[in-house]
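Novice: Sharing a structure with you now.
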Amino acid sequence: MADNDNILEIRDLKIVYKTQEGVVEALNGASLSLKRGQTLGLVGETGAGKTTLARGIMGLIPKPPGQVVGGEIFFNGTDLLKASEHDMRKVRGAQISMIFQDPMTSLNPVMTVGEQIEEVLRAHGRSVKEAVEGAHEMLEMVGIPKERAEEYPHQFSGGMKQRIIIAIALACNPEFLIADEPTTALDVTIQYQVLVMMQKLKEQFNTSMLMITHDLGIVAQNCDYVAIMYAGQVVEYGALREIFKDPRHPYTLGLFGSIPSLSEDTDRLTPIEGMPPDPTRLPTGCPFHPRCQYATEACAQWKSEAYPVGGEHTVRCLRFQPAEKREEA
Amino acid sequence: MWRYILKRLLMIIPVLVGVTFVVYMILSVAHGDPVQTILGDKATEEAQEQLRAELGLDRPLIVQYGNYIWDALHGDFGTSYKNQVDVMDQVLDRFPNTLLIAAGAILLSLVLGIPVGIISAKKQYSFIDNASMVGALFGVSMPAFWMGLLLVIVFSLKLRLLPSSGMNSESLGLLLKSMILPVIALSTYSLAMIARMTRSSMLEVIRQDYISTARSKGITEGQVTVRHMLRNALIPIITAVGLQFGTLVGGSIMTETVFSWPGIGRLIVESIKSRDIPMVMGSVIFLCVIFSMVNLLVDLLYAFVDPQIKSQYKGK
């Protein structure tokens, strides 16, 4: 069974998309966990499977072409993958909510914003009157005058739209919030406002949060835990301090290494060499080994697994295989 | 909003001038003489000349056209050359019959076309999608008169279920029965058209981000489909329906002829045959106004569906 402290625990999740070009292995054995009331930052480059993971939790993998082929997603101790569509509908919006990436396209253009907030409240058992009041309350909470509930999305700016989306997500006071790159599409000043507001609301409602991003700065400011994703796997996981002070996985090192330094005079960026792998033809063994400066021949045969390296910190890299295991092999 | 409506109504005037001019000229230079049609072959030269002068047909074309427009502007659309009845009376008498089958056809197209389009889009590339889109391709490609003839052969001649022609208004039941075949024949094209339109416009909407937002709220798939997908997909569908309705009223000529349906389309055909210029002109003007009004109505309907267009109208 799952650990009771954990609101979310994902074990070995495998999700594929069957396309004409072949089977895209979007997630192959992703595992992570999140304690109640905490924020987990999920970091990785485009195509690493971050959004697929989020949609997997929500039960919103588009089928076809998507298919969950293995693993478990424990939410409050129950496996969401075994839940019926009917039960999942009760979870979505009420217990788990999701904020999507692009506020410009995430609101229905032909419904007033009030109606869109009311809809989630109505779906989870509130009366019409309660829903209208609730929608007004939520708008005020995200700093939009309630009189504007009658307006349509095109009458709001990008930052305001994102705040409306946050209002929709938090309307039913969910225990767990997934934010899929909530600020990527916004200006930096608006990013800051939105992040501060999310932090405030999260504390107010005691919500646990999964924050998907590729911005390590946002992670440092907002998260308690960090999971680094690469090619559909969580390659490194740990508390914020563990990851930022003591990154172990070569990919994580590469990510930190690619941030230009403010104090030194550098002319060139230091990227991770090579390209992310084609998800229809992942390399054998460790998916990162073709780009890894520490790679050995054994990496291509290695059966990917996570090794603890002290505290809650785990790393999926052959270099951290404990000595006793190495002898077994 | 009102200014916009007024502007659009005024824009009907140049359209009418253009249409009437072209139709008048074509009718006047076309082969055949109305005077001979009225009096028959055996009439004397003198009688013919006298009638021609009476009708004003001896004057230059442009003067004839000017006179016609002048009278029309005073509400006088003339009397039929053929049977001396008032043109507008006759047109207004026939129009409800056309409206009856046109409305029936548009209703059938909507009731069947939109659901077929939705199901096709939601089950894209499935058997049901492929089957209905091949069917729709047939529907779009098949001329209405051909469809009408096939229907008559199957349902009237072979199965003897439905009347092959005419409008039977003795009772509501008989009227509906006589409407069935013309309505089906008339609706084939627009039904197929609307189904295809609905499918493609649903497919555009189906992958939008706000559909994911809607699903993440925990509402049912039916609510997602109707409230979020269809309401957004409806905008291009309304255009198609509006244009179809105009085309159905005007395009009923073929269907009405095949089924001897006493509507305005058949009136035009009969009047052209007998060179009944005032009757043709009256009918054409009437259809033209109806067509323009329907288009205006469709444009106004947008505002109710698309709030972005509604806010554009404000202050205009």
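The chains in the structure tokens are called A, B, ... from first to last as shown; in each chain the residues are counted from 1, and the ligands are counted from 1 in the order shown.
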Once you count only C-alpha atoms, which residues of chain B turn out to be within 12 Å of chain A? Could you give them as a PyMOL selection string?
Specialist: chain B and resi 122-126+205-221+223-224+227-235+302-312
Novice: Once you have the residues from the selection above, write them out as a JSON list (two decimals), in the first residue's frame, restricted to C-alpha atoms.
Specialist:
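After the write, result_12.json holds the following:
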```json
[["chain", "number", "residue", "atom", "x", "y", "z"],
["B", 122, "LYS", "CA", -15.87, 12.32, -32.21],
["B", 123, "LYS", "CA", -15.17, 8.96, -33.81],
["B", 124, "GLN", "CA", -12.82, 10.23, -36.48],
["B", 125, "TYR", "CA", -11.61, 7.59, -38.97],
["B", 126, "SER", "CA", -13.92, 4.96, -37.47],
["B", 205, "VAL", "CA", -12.58, 22.60, -31.85],
["B", 206, "ILE", "CA", -12.04, 19.13, -30.42],
["B", 207, "ARG", "CA", -8.32, 19.52, -29.78],
["B", 208, "GLN", "CA", -8.51, 23.03, -28.33],
["B", 209, "ASP", "CA", -7.04, 23.64, -24.90],
["B", 210, "TYR", "CA", -10.35, 24.78, -23.46],
["B", 211, "ILE", "CA", -11.75, 21.31, -24.09],
["B", 212, "SER", "CA", -9.06, 19.94, -21.76],
["B", 213, "THR", "CA", -9.99, 22.63, -19.24],
["B", 214, "ALA", "CA", -13.63, 21.58, -19.53],
["B", 215, "ARG", "CA", -12.79, 17.91, -19.05],
["B", 216, "SER", "CA", -10.61, 18.71, -16.05],
["B", 217, "LYS", "CA", -13.66, 20.19, -14.33],
["B", 218, "GLY", "CA", -15.24, 16.77, -13.98],
["B", 219, "ILE", "CA", -18.27, 17.41, -16.19],
["B", 220, "THR", "CA", -19.70, 14.63, -18.33],
["B", 221, "GLU", "CA", -18.53, 13.99, -21.89],
["B", 223, "GLN", "CA", -21.68, 18.36, -21.42],
["B", 224, "VAL", "CA", -18.20, 18.81, -22.88],
["B", 227, "ARG", "CA", -21.52, 23.18, -24.12],
["B", 228, "HIS", "CA", -17.91, 23.45, -25.11],
["B", 229, "MET", "CA", -17.39, 21.80, -28.48],
["B", 230, "LEU", "CA", -20.69, 22.40, -30.27],
["B", 231, "ARG", "CA", -21.16, 25.97, -29.09],
["B", 232, "ASN", "CA", -17.81, 26.86, -30.56],
["B", 233, "ALA", "CA", -18.25, 24.75, -33.66],
["B", 234, "LEU", "CA", -21.64, 26.34, -34.32],
["B", 235, "ILE", "CA", -20.31, 29.60, -35.76],
["B", 302, "TYR", "CA", -23.53, 35.34, -35.04],
["B", 303, "ALA", "CA", -23.65, 37.96, -32.36],
["B", 304, "PHE", "CA", -25.67, 35.64, -30.18],
["B", 305, "VAL", "CA", -23.23, 32.78, -30.62],
["B", 306, "ASP", "CA", -19.91, 34.60, -30.72],
["B", 307, "PRO", "CA", -19.38, 37.24, -28.05],
["B", 308, "GLN", "CA", -16.39, 38.65, -29.92],
["B", 309, "ILE", "CA", -18.64, 39.59, -32.82],
["B", 310, "LYS", "CA", -21.25, 40.94, -30.43],
["B", 311, "SER", "CA", -18.78, 43.39, -28.99],
["B", 312, "GLN", "CA", -17.80, 44.46, -32.51]]
```
Novice: Report as an MDAnalysis selection string: the residues of region 122-245 of chain B with a DSSP assignment of alpha helix (DSSP H), based on the backbone of this structure.
Specialist: chainID B and resid 122 127:141 144:151 172:206 209:216 221:223 231:245
Novice: Identify which of the residues A:Val68, A:Leu186, A:Cys317, A:Leu282 lies closest to Ala295 (chain A), counting only C-alpha atoms when measuring atom-to-atom distances.
Specialist: A:Cys317
Novice: Which residue gives the smallest distance to Thr79 (chain B) among B:Met133, B:Leu181, B:Val91, B:Val23, with only C-alpha atoms counted?
Specialist: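 Looking only at the distances to Thr79 (chain B), the closest residue turns out to be B:Val91.
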Novice: Using only C-alpha atoms, tabulate the residues of region 42-104 of chain B lying at most 10 Å from any atom of region 283-300 of chain B, each with its closest atom pair and that distance in Å to one decimal, by chain and increasing residue number, as CSV.
Specialist:
```
residue,atom,partner,partner_atom,distance
B:Ala72,CA,B:Ile285,CA,9.9
B:Phe77,CA,B:Ile285,CA,9.7
B:Val87,CA,B:Ser283,CA,8.1
B:Met88,CA,B:Ser283,CA,8.0
B:Gln90,CA,B:Ser283,CA,9.1
B:Val91,CA,B:Ser283,CA,6.1
B:Leu92,CA,B:Phe286,CA,9.0
B:Arg94,CA,B:Ser283,CA,9.7
B:Phe95,CA,B:Ser283,CA,9.1
```
Novice: Which neighbours of region 40-42 of chain B fall inside 12 Å, counting only C-alpha atoms, when residues of the same chain fewer than 6 positions from it are skipped, and could you give them as an mmCIF file with N, CA and C atoms, in the first residue's frame?
Specialist:
```cif
data_model
loop_
_atom_site.group_PDB
_atom_site.id
_atom_site.type_symbol
_atom_site.label_atom_id
_atom_site.label_comp_id
_atom_site.auth_asym_id
_atom_site.auth_seq_id
_atom_site.Cartn_x
_atom_site.Cartn_y
_atom_site.Cartn_z
ATOM 1 N N ASP B 33 -41.809 36.056 -78.164
ATOM 2 C CA ASP B 33 -42.496 37.336 -78.069
ATOM 3 C C ASP B 33 -43.696 37.193 -77.141
ATOM 4 N N PRO B 34 -43.731 37.974 -76.076
ATOM 5 C CA PRO B 34 -44.853 37.854 -75.138
ATOM 6 C C PRO B 34 -46.191 38.125 -75.818
ATOM 7 N N GLN B 48 -51.758 42.777 -82.656
ATOM 8 C CA GLN B 48 -50.468 42.606 -81.991
ATOM 9 C C GLN B 48 -49.830 43.948 -81.683
ATOM 10 N N LYS B 82 -50.156 36.504 -68.756
ATOM 11 C CA LYS B 82 -50.832 35.270 -69.124
ATOM 12 C C LYS B 82 -52.298 35.270 -68.680
ATOM 13 N N SER B 274 -43.708 31.050 -70.695
ATOM 14 C CA SER B 274 -44.721 31.826 -71.408
ATOM 15 C C SER B 274 -44.329 33.296 -71.557
#
```
Novice: To one decimal place, how far is CA of Leu262 (chain A) from CA of Thr213 (chain A) in Å?
Specialist: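 Distance between the two atoms: 21.8 Å.
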Novice: Can you pull out the residues contacting Gly159 (chain A)? Cut-off 12 Å, using only C-alpha atoms, and skip same-chain residues under 5 positions away; I want them as a list of chain:residue names.
Specialist: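 Using only C-alpha atoms, the neighbours found are A:Asp102, A:Pro103, A:Met104, A:Val142, A:Gly143, A:Ile144, A:Pro153, A:Ile164, A:Ile165, A:Ile166, A:Pro182, A:Thr183, A:Thr184, A:Ala185, A:Leu186, A:Asp187, A:Val188, A:Thr189, A:Ile190, A:Gln191, A:Tyr192, A:Gln193, A:Val194, A:Leu195, A:Met197.
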Novice: Determine, counting only C-alpha atoms, which protein, DNA and RNA residues have an atom within 10 Å of an atom of Met211 (chain A); residues of the same chain fewer than 3 positions away are not included. Present the result as a PyMOL selection string.
Specialist: chain A and resi 39-43+50+54+99+177-182+208+214+218-219+222-223+225-226
Novice: Could those selected residues go to a file with C-alpha atoms, as a PDB file, in the first residue's frame?
Specialist:
```
ATOM      1  CA  THR A  39       4.876  21.450  -3.740  1.00  0.00           C
ATOM      2  CA  LEU A  40       6.761  19.229  -6.139  1.00  0.00           C
ATOM      3  CA  GLY A  41       8.526  20.810  -9.069  1.00  0.00           C
ATOM      4  CA  LEU A  42       8.589  18.640 -12.176  1.00  0.00           C
ATOM      5  CA  VAL A  43      11.391  19.786 -14.441  1.00  0.00           C
ATOM      6  CA  LYS A  50       5.765  16.172 -18.054  1.00  0.00           C
ATOM      7  CA  ALA A  54      -0.079  15.380 -15.492  1.00  0.00           C
ATOM      8  CA  ILE A  99      -4.091  24.626 -14.544  1.00  0.00           C
ATOM      9  CA  LEU A 177      -3.431  21.030  -7.845  1.00  0.00           C
ATOM     10  CA  ILE A 178      -1.472  20.315 -10.995  1.00  0.00           C
ATOM     11  CA  ALA A 179      -0.026  23.426 -12.608  1.00  0.00           C
ATOM     12  CA  ASP A 180       1.266  22.684 -16.104  1.00  0.00           C
ATOM     13  CA  GLU A 181       3.722  25.485 -16.876  1.00  0.00           C
ATOM     14  CA  PRO A 182       1.286  28.038 -15.444  1.00  0.00           C
ATOM     15  CA  SER A 208      -0.627  20.106  -2.406  1.00  0.00           C
ATOM     16  CA  HIS A 214      11.280  24.099 -17.294  1.00  0.00           C
ATOM     17  CA  ILE A 218      10.574  29.076 -10.446  1.00  0.00           C
ATOM     18  CA  VAL A 219      11.343  25.710  -8.859  1.00  0.00           C
ATOM     19  CA  ASN A 222       8.179  27.775  -5.068  1.00  0.00           C
ATOM     20  CA  CYS A 223       8.881  24.091  -4.558  1.00  0.00           C
ATOM     21  CA  TYR A 225      10.635  18.815  -3.766  1.00  0.00           C
ATOM     22  CA  VAL A 226      12.031  18.441  -7.244  1.00  0.00           C
TER      23      VAL A 226
END
```
